[in-house]
Amino acid sequence: MRIIFVSVGLIGLAFATTPASAVPWVRGYVVDAYEPAFYFGGKLSQDDLGTDCPKGAVPDNDYAKILKTSWRSDAEVKKLMTPVEGREPGGIMAPGLSYRGFRPDIETYINPFAAPDPGFQQVTGKIAEGFNLDNNPRTGFSGTKGEAGIDNNFYRVMGCTLTYRGAPWKGYLSERSTDKMVDGHYTMVIRVSGNQDPMNDADVVVEVGYSPDQMVKDPMGKVTPDYSYRLAKSAQFTKLKARIRGGVIETEQKDIRMPEFSWAESNRGEALFQKGKMRLTMNNDGTLLGMAGGYRDWREIYGRDTFNIPSGGPTRETFYHQNQIGMFYALRRNADGIPDATTGQNTGISTAYRIRALPAFVVDPRQPVVIDQQAGERPYQERDAFMRALTTRTLQAPPPSGSGGGGYYRSTTPAPAPVPGQASKSTGATAVR
Amino acid sequence: MTARVHLRRSLAAMLLVVCVPALAQPASPPATMPASSHPAPSAPGVFALRKQGNTTRLVVTGTNFTGREAVEHYLAWRAAEHVTASKARWFSFVERRIAGDKVLTPKPDAEGQRYSFRLEYFRPTWRYKLAGSPDWKTWRPLSGAPFFALGLDAKTIINYEVSADIIPRNGMLADYDPLAFEAVAVSHYLINQVTTPR
């Protein structure tokens, strides 16, 4: 018996004194699901009453109320709300929804501060997913495992909306966005490399970024693992130091640039997570699951949500039950980081996004990769006008009709329906085994 | 239009900078601030404030009555600008209630919608003189009485003083409280609407 103990001890000592394996290793992943990390306190349906939102998901807007202004008569409101056969409600009401400020000539998606705050139903629960971004355990939510100081005010603002509320990967817009992503809207890849044991390594590099290569899917529409994807490094790209304990990757805290959670051609691009962090778990089945978080510019979040085609402001307010004016005010008052050097007002709102990824080969391109980014179209002009309005505190006119996007907000033509899975960019599949 | 408005606001801001220090430091501040206490009468359109403890009383005066909302919005805007200039983030509106008030105190609702401001709860007190009358009259919105009762005509106002007490605050806005006002939001909402009372 004693011999056995000694033998076991010697073997153990041998393992303990042998330096960790110093073989370089690399693991690549392609992201097949990406969404805001919003803790769901209900059971199944997004309409469930839950600890996150005791009243359930935000109900449809009271259009008679939000269309009413000091200068618009009840008869005009009624006319805007009268259904027209063959036309979507968002299209019928768009002219009214776009103009509800203190004067009839003010476009209030661009100048939302010209309308009073209509209020916003926020998360009142105490639990959230995310990170302690300010390293202050006294601010923020409790984590799902009881951690203190989880900062996710984007969730606080938007977590009860029909847009996002639901079980993981089941939120209305999350499903739409992920569908579009795997259909070729954009591709995000992650590469993890180290020099020790892949499950326990103190010197790890995490690279996250955009790939120009469309995901390869099987006949059932699921992303196929183990294909190769080029990693663009000119934008939407970040390299972070990290360490792994028990298969859990924890990165350093620094600004992270990576692809934006997007559902429309005109709101994809780069997302900047200031003071960002990533936590990713390498699962036994080869998949990767975790989160990226950081402070996002709340004005950019409002702009990309409100100014995009085909599901801009009027669509957000009808199909998704959001109130963009209320959202504007809520994002601004819940901004909790990155104070402006001049005004002292916070420009950043804490966020966290879930990421699920499959094994893939992430390779450096032989030639510089061009990132397919659009510019100069109407949603971009509208975002610019919104930023001018906000920073100068002066009212801005909308871009002239015909400046791209078909003058949607003034249009009386039927609104384009938000069709899930609508064709977007076509980079062509270039993945190779 | 924009340049003229900017010029007017710049002049108003300069006036504030010049006037406020003098008005903000009375020689012997009163121990309390009853609802009828105001800074010394000032010229029409001049905005004044006085601090008592953590409370700031704001007063706007005029001789040319243009409308209740116009004057009250101007006062709310000046309150927001004052709070911002004080490096505070938001303010509480202090309701000075007396026996017999019929308007109920708005209750905070932690489960309800959240707001940056609700101007319907910014309810300042009015003092005014009507043409042909030597007396100042007071109207308190919390009393529940209509703004102009007994057949009086607001257009006959020849002098008015409108006052509000606020407490500037920092930290996260109490967005469930109807009496909480985020300064930047109030200021931004009103800046393109208000004109200096005359």
# chains A, B, ... in the order shown; residues from 1 in each chain; ligands from 1

call {"tool": "closest_atom_pairs", "arguments": {"of": "chain A", "to": "chain B", "cutoff": "8 Å", "atoms": "only C-alpha atoms", "output": "Markdown table"}}
result
| residue | atom | partner | partner_atom | distance |
| --- | --- | --- | --- | --- |
| A:Pro54 | CA | B:Glu111 | CA | 7.6 |
| A:Phe102 | CA | B:Gln193 | CA | 8.0 |
| A:Phe113 | CA | B:Tyr189 | CA | 5.1 |
| A:Ala114 | CA | B:Tyr189 | CA | 5.3 |
| A:Ala115 | CA | B:Tyr189 | CA | 6.8 |
| A:Pro116 | CA | B:Tyr189 | CA | 6.8 |
| A:Asp117 | CA | B:Tyr115 | CA | 6.3 |
| A:Pro118 | CA | B:Tyr115 | CA | 7.3 |
| A:Gly119 | CA | B:Tyr115 | CA | 4.7 |
| A:Phe120 | CA | B:Gln113 | CA | 5.0 |
| A:Gln121 | CA | B:Gln113 | CA | 4.4 |
| A:Gln122 | CA | B:Gln113 | CA | 6.8 |
| A:Thr124 | CA | B:Glu111 | CA | 6.8 |
| A:Tyr329 | CA | B:Ser116 | CA | 6.4 |
| A:Ala330 | CA | B:Tyr115 | CA | 7.3 |
| A:Arg333 | CA | B:Ser116 | CA | 6.7 |
| A:Asn334 | CA | B:Met172 | CA | 7.9 |
| A:Arg393 | CA | B:His188 | CA | 6.5 |
| A:Thr394 | CA | B:Asn192 | CA | 7.2 |
| A:Leu395 | CA | B:Asn192 | CA | 7.7 |

call {"tool": "residues_around", "arguments": {"residues": "segment 339-341 of chain A", "least_positions_apart": "5", "cutoff": "12 Å", "atoms": "only C-alpha atoms", "output": "ChimeraX atom specification"}}
result
/A:274,295-298,332,346-349,391

call {"tool": "write_last_selection", "arguments": {"atoms": "N, CA and C atoms", "output": "compact mmCIF listing (two decimals), in the first residue's frame"}}
result
# COMPACT_ATOMS: atom_id res chain seq x y z
N GLN A 274 -16.02 50.11 -26.27
CA GLN A 274 -14.94 50.75 -25.51
C GLN A 274 -14.79 50.07 -24.15
N TYR A 295 -18.58 49.40 -23.59
CA TYR A 295 -19.43 50.58 -23.72
C TYR A 295 -19.60 50.91 -25.20
N ARG A 296 -20.85 50.91 -25.64
CA ARG A 296 -21.16 51.32 -27.02
C ARG A 296 -21.65 52.77 -26.99
N ASP A 297 -21.38 53.49 -28.06
CA ASP A 297 -21.89 54.86 -28.17
C ASP A 297 -23.41 54.78 -28.34
N TRP A 298 -24.13 55.30 -27.34
CA TRP A 298 -25.58 55.15 -27.38
C TRP A 298 -26.19 55.87 -28.58
N ARG A 332 -30.07 57.76 -23.59
CA ARG A 332 -29.24 58.86 -23.10
C ARG A 332 -29.19 58.88 -21.56
N ASN A 346 -22.20 61.28 -20.41
CA ASN A 346 -21.78 59.96 -20.84
C ASN A 346 -22.19 59.69 -22.29
N THR A 347 -21.26 59.23 -23.07
CA THR A 347 -21.55 58.87 -24.46
C THR A 347 -21.66 57.36 -24.63
N GLY A 348 -21.23 56.62 -23.64
CA GLY A 348 -21.24 55.16 -23.75
C GLY A 348 -22.29 54.53 -22.87
N ILE A 349 -22.88 53.46 -23.37
CA ILE A 349 -23.82 52.68 -22.56
C ILE A 349 -23.28 51.26 -22.49
N THR A 391 -25.37 67.34 -31.26
CA THR A 391 -24.17 68.01 -30.78
C THR A 391 -24.27 69.53 -30.86

call {"tool": "select_by_dssp", "arguments": {"residues": "segment 169-234 of chain A", "states": "strand (DSSP E)", "output": "list in words"}}
result
Thr187, Met188, Val189, Ile190, Arg191, Val192, Ser193, Gly194, Asp201, Ala202, Asp203, Val204, Val205, Val206, Glu207, Val208, Gly209, Tyr210, Ser211, Ser228, Tyr229 and Arg230 of chain A

call {"tool": "write_last_selection", "arguments": {"atoms": "C-alpha atoms", "output": "compact mmCIF listing (two decimals), in the first residue's frame"}}
result
# COMPACT_ATOMS: atom_id res chain seq x y z
CA THR A 187 -19.39 36.81 -41.38
CA MET A 188 -17.56 37.03 -38.06
CA VAL A 189 -14.67 34.81 -37.08
CA ILE A 190 -12.59 34.24 -33.96
CA ARG A 191 -9.09 32.83 -33.71
CA VAL A 192 -7.56 31.76 -30.41
CA SER A 193 -3.89 30.87 -30.13
CA GLY A 194 -1.49 30.02 -27.34
CA ASP A 201 -2.94 28.76 -20.92
CA ALA A 202 -1.74 32.00 -19.39
CA ASP A 203 -0.47 33.51 -22.62
CA VAL A 204 -3.24 33.54 -25.18
CA VAL A 205 -4.12 35.76 -28.10
CA VAL A 206 -7.72 36.22 -29.20
CA GLU A 207 -8.45 37.72 -32.60
CA VAL A 208 -11.99 38.65 -33.56
CA GLY A 209 -13.06 40.18 -36.82
CA TYR A 210 -14.84 40.26 -40.11
CA SER A 211 -14.41 37.73 -42.87
CA SER A 228 -11.87 28.10 -44.00
CA TYR A 229 -12.45 31.82 -43.66
CA ARG A 230 -10.15 34.73 -44.26

call {"tool": "closest_residue", "arguments": {"among": "B:Val59, B:Leu49, B:Leu142, B:Val94", "to": "Ser163 of chain B", "atoms": "only C-alpha atoms"}}
result
B:Val59

call {"tool": "residues_around", "arguments": {"residues": "Ser177 of chain A", "least_positions_apart": "6", "cutoff": "10 Å", "atoms": "only C-alpha atoms", "output": "list in words"}}
result
Ala33, Tyr34, Glu35, Gly171, Asp183, His185, Phe261, Ser262, Trp263, Ala264, Pro420 and Gly421 of chain A

call {"tool": "select_by_dssp", "arguments": {"residues": "segment 34-160 of chain A", "states": "helix (DSSP H, G or I)", "output": "PDB file with C-alpha atoms, in the first residue's frame"}}
result
ATOM      1  CA  TYR A  63     -50.752  55.365 -31.810  1.00  0.00           C
ATOM      2  CA  ALA A  64     -53.566  57.779 -31.074  1.00  0.00           C
ATOM      3  CA  LYS A  65     -51.475  59.035 -28.196  1.00  0.00           C
ATOM      4  CA  ILE A  66     -48.054  59.158 -29.811  1.00  0.00           C
ATOM      5  CA  ASP A  74     -57.766  64.323 -33.733  1.00  0.00           C
ATOM      6  CA  ALA A  75     -59.180  63.950 -37.232  1.00  0.00           C
ATOM      7  CA  GLU A  76     -55.679  63.968 -38.706  1.00  0.00           C
ATOM      8  CA  VAL A  77     -54.572  61.366 -36.185  1.00  0.00           C
ATOM      9  CA  LYS A  78     -57.559  59.204 -37.045  1.00  0.00           C
ATOM     10  CA  LYS A  79     -56.779  59.461 -40.725  1.00  0.00           C
ATOM     11  CA  LEU A  80     -53.190  58.376 -40.140  1.00  0.00           C
ATOM     12  CA  MET A  81     -54.454  55.347 -38.246  1.00  0.00           C
ATOM     13  CA  PRO A  89     -49.445  50.176 -40.983  1.00  0.00           C
ATOM     14  CA  GLY A  90     -45.878  51.432 -40.779  1.00  0.00           C
ATOM     15  CA  GLY A  91     -46.161  52.892 -44.260  1.00  0.00           C
ATOM     16  CA  ILE A  92     -49.503  54.548 -43.605  1.00  0.00           C
ATOM     17  CA  MET A  93     -48.403  56.083 -40.331  1.00  0.00           C
ATOM     18  CA  ALA A  94     -44.825  56.845 -41.351  1.00  0.00           C
ATOM     19  CA  PRO A  95     -45.459  60.501 -42.229  1.00  0.00           C
ATOM     20  CA  GLY A  96     -47.146  61.032 -38.887  1.00  0.00           C
ATOM     21  CA  LEU A  97     -44.679  59.043 -36.814  1.00  0.00           C
ATOM     22  CA  PRO A 112     -36.018  63.307 -31.219  1.00  0.00           C
ATOM     23  CA  PHE A 113     -35.335  65.864 -28.494  1.00  0.00           C
ATOM     24  CA  ALA A 114     -37.972  68.105 -30.126  1.00  0.00           C
ATOM     25  CA  ASN A 153     -27.566  49.294 -19.233  1.00  0.00           C
ATOM     26  CA  PHE A 154     -28.384  48.538 -22.858  1.00  0.00           C
ATOM     27  CA  TYR A 155     -30.288  45.579 -21.414  1.00  0.00           C
ATOM     28  CA  ARG A 156     -31.862  47.841 -18.790  1.00  0.00           C
ATOM     29  CA  VAL A 157     -33.238  50.014 -21.582  1.00  0.00           C
ATOM     30  CA  MET A 158     -34.171  47.453 -24.239  1.00  0.00           C
TER      31      MET A 158
END

call {"tool": "residues_around", "arguments": {"residues": "Lys102 of chain B", "least_positions_apart": "5", "cutoff": "10 Å", "atoms": "only C-alpha atoms", "output": "ChimeraX atom specification"}}
result
/B:97,141-145

call {"tool": "atom_distance", "arguments": {"atom1": "atom CA of Gly149 of chain A", "atom2": "atom CA of Lys254 of chain A"}}
result
18.3 Å

call {"tool": "closest_residue", "arguments": {"among": "B:Thr61, B:Thr125, B:Thr66, B:Thr105", "to": "Asp165 of chain B", "atoms": "only C-alpha atoms"}}
result
B:Thr125

call {"tool": "residues_around", "arguments": {"residues": "Thr56 of chain B", "least_positions_apart": "4", "cutoff": "6 Å", "atoms": "only C-alpha atoms", "output": "PDB file with N, CA and C atoms, in the first residue's frame"}}
result
ATOM      1  N   ARG B  50     -31.975  82.059  -5.988  1.00  0.00           N
ATOM      2  CA  ARG B  50     -31.425  82.210  -4.645  1.00  0.00           C
ATOM      3  C   ARG B  50     -31.292  80.829  -4.035  1.00  0.00           C
ATOM      4  N   LYS B  51     -30.183  80.614  -3.385  1.00  0.00           N
ATOM      5  CA  LYS B  51     -29.944  79.300  -2.798  1.00  0.00           C
ATOM      6  C   LYS B  51     -30.246  79.329  -1.310  1.00  0.00           C
ATOM      7  N   ASP B 165     -38.957  76.009  -6.845  1.00  0.00           N
ATOM      8  CA  ASP B 165     -37.848  75.547  -6.016  1.00  0.00           C
ATOM      9  C   ASP B 165     -37.362  74.207  -6.556  1.00  0.00           C
ATOM     10  N   ILE B 166     -36.071  74.106  -6.720  1.00  0.00           N
ATOM     11  CA  ILE B 166     -35.502  72.848  -7.220  1.00  0.00           C
ATOM     12  C   ILE B 166     -34.304  72.444  -6.353  1.00  0.00           C
TER      13      ILE B 166
END

call {"tool": "residues_around", "arguments": {"residues": "His73 of chain B", "least_positions_apart": "4", "cutoff": "8 Å", "atoms": "only C-alpha atoms", "output": "PyMOL selection string"}}
result
chain B and resi 69+77+190+194

call {"tool": "write_last_selection", "arguments": {"atoms": "all heavy atoms", "output": "PDB file, in the first residue's frame"}}
result
ATOM      1  N   GLU B  69     -47.835  78.586 -20.454  1.00  0.00           N
ATOM      2  CA  GLU B  69     -46.867  77.564 -20.840  1.00  0.00           C
ATOM      3  C   GLU B  69     -45.550  78.178 -21.288  1.00  0.00           C
ATOM      4  O   GLU B  69     -44.471  77.685 -20.952  1.00  0.00           O
ATOM      5  CB  GLU B  69     -47.441  76.683 -21.954  1.00  0.00           C
ATOM      6  CG  GLU B  69     -46.540  75.511 -22.301  1.00  0.00           C
ATOM      7  CD  GLU B  69     -47.118  74.641 -23.397  1.00  0.00           C
ATOM      8  OE1 GLU B  69     -47.882  73.727 -23.072  1.00  0.00           O
ATOM      9  OE2 GLU B  69     -46.807  74.886 -24.586  1.00  0.00           O
ATOM     10  N   TRP B  77     -36.513  75.728 -18.565  1.00  0.00           N
ATOM     11  CA  TRP B  77     -35.258  75.730 -19.337  1.00  0.00           C
ATOM     12  C   TRP B  77     -34.129  76.370 -18.536  1.00  0.00           C
ATOM     13  O   TRP B  77     -33.019  75.857 -18.482  1.00  0.00           O
ATOM     14  CB  TRP B  77     -35.467  76.458 -20.678  1.00  0.00           C
ATOM     15  CG  TRP B  77     -34.208  76.571 -21.470  1.00  0.00           C
ATOM     16  CD1 TRP B  77     -33.508  75.548 -22.036  1.00  0.00           C
ATOM     17  CD2 TRP B  77     -33.477  77.763 -21.757  1.00  0.00           C
ATOM     18  NE1 TRP B  77     -32.382  76.034 -22.666  1.00  0.00           N
ATOM     19  CE2 TRP B  77     -32.343  77.387 -22.506  1.00  0.00           C
ATOM     20  CE3 TRP B  77     -33.671  79.115 -21.460  1.00  0.00           C
ATOM     21  CZ2 TRP B  77     -31.405  78.314 -22.963  1.00  0.00           C
ATOM     22  CZ3 TRP B  77     -32.750  80.028 -21.913  1.00  0.00           C
ATOM     23  CH2 TRP B  77     -31.634  79.630 -22.656  1.00  0.00           C
ATOM     24  N   LEU B 190     -36.296  72.120 -24.723  1.00  0.00           N
ATOM     25  CA  LEU B 190     -36.878  73.468 -24.699  1.00  0.00           C
ATOM     26  C   LEU B 190     -36.049  74.531 -25.415  1.00  0.00           C
ATOM     27  O   LEU B 190     -36.579  75.594 -25.750  1.00  0.00           O
ATOM     28  CB  LEU B 190     -37.104  73.895 -23.242  1.00  0.00           C
ATOM     29  CG  LEU B 190     -38.168  73.095 -22.489  1.00  0.00           C
ATOM     30  CD1 LEU B 190     -38.185  73.498 -21.015  1.00  0.00           C
ATOM     31  CD2 LEU B 190     -39.547  73.306 -23.108  1.00  0.00           C
ATOM     32  N   VAL B 194     -38.103  78.181 -26.402  1.00  0.00           N
ATOM     33  CA  VAL B 194     -38.346  79.268 -25.450  1.00  0.00           C
ATOM     34  C   VAL B 194     -37.832  80.614 -25.964  1.00  0.00           C
ATOM     35  O   VAL B 194     -36.903  80.694 -26.769  1.00  0.00           O
ATOM     36  CB  VAL B 194     -37.673  78.966 -24.089  1.00  0.00           C
ATOM     37  CG1 VAL B 194     -38.317  77.754 -23.448  1.00  0.00           C
ATOM     38  CG2 VAL B 194     -36.184  78.769 -24.249  1.00  0.00           C
TER      39      VAL B 194
END

call {"tool": "closest_residue", "arguments": {"among": "B:Glu72, B:Glu120, B:Asp109, B:Asp153", "to": "Ala174 of chain B", "atoms": "only C-alpha atoms"}}
result
B:Asp109
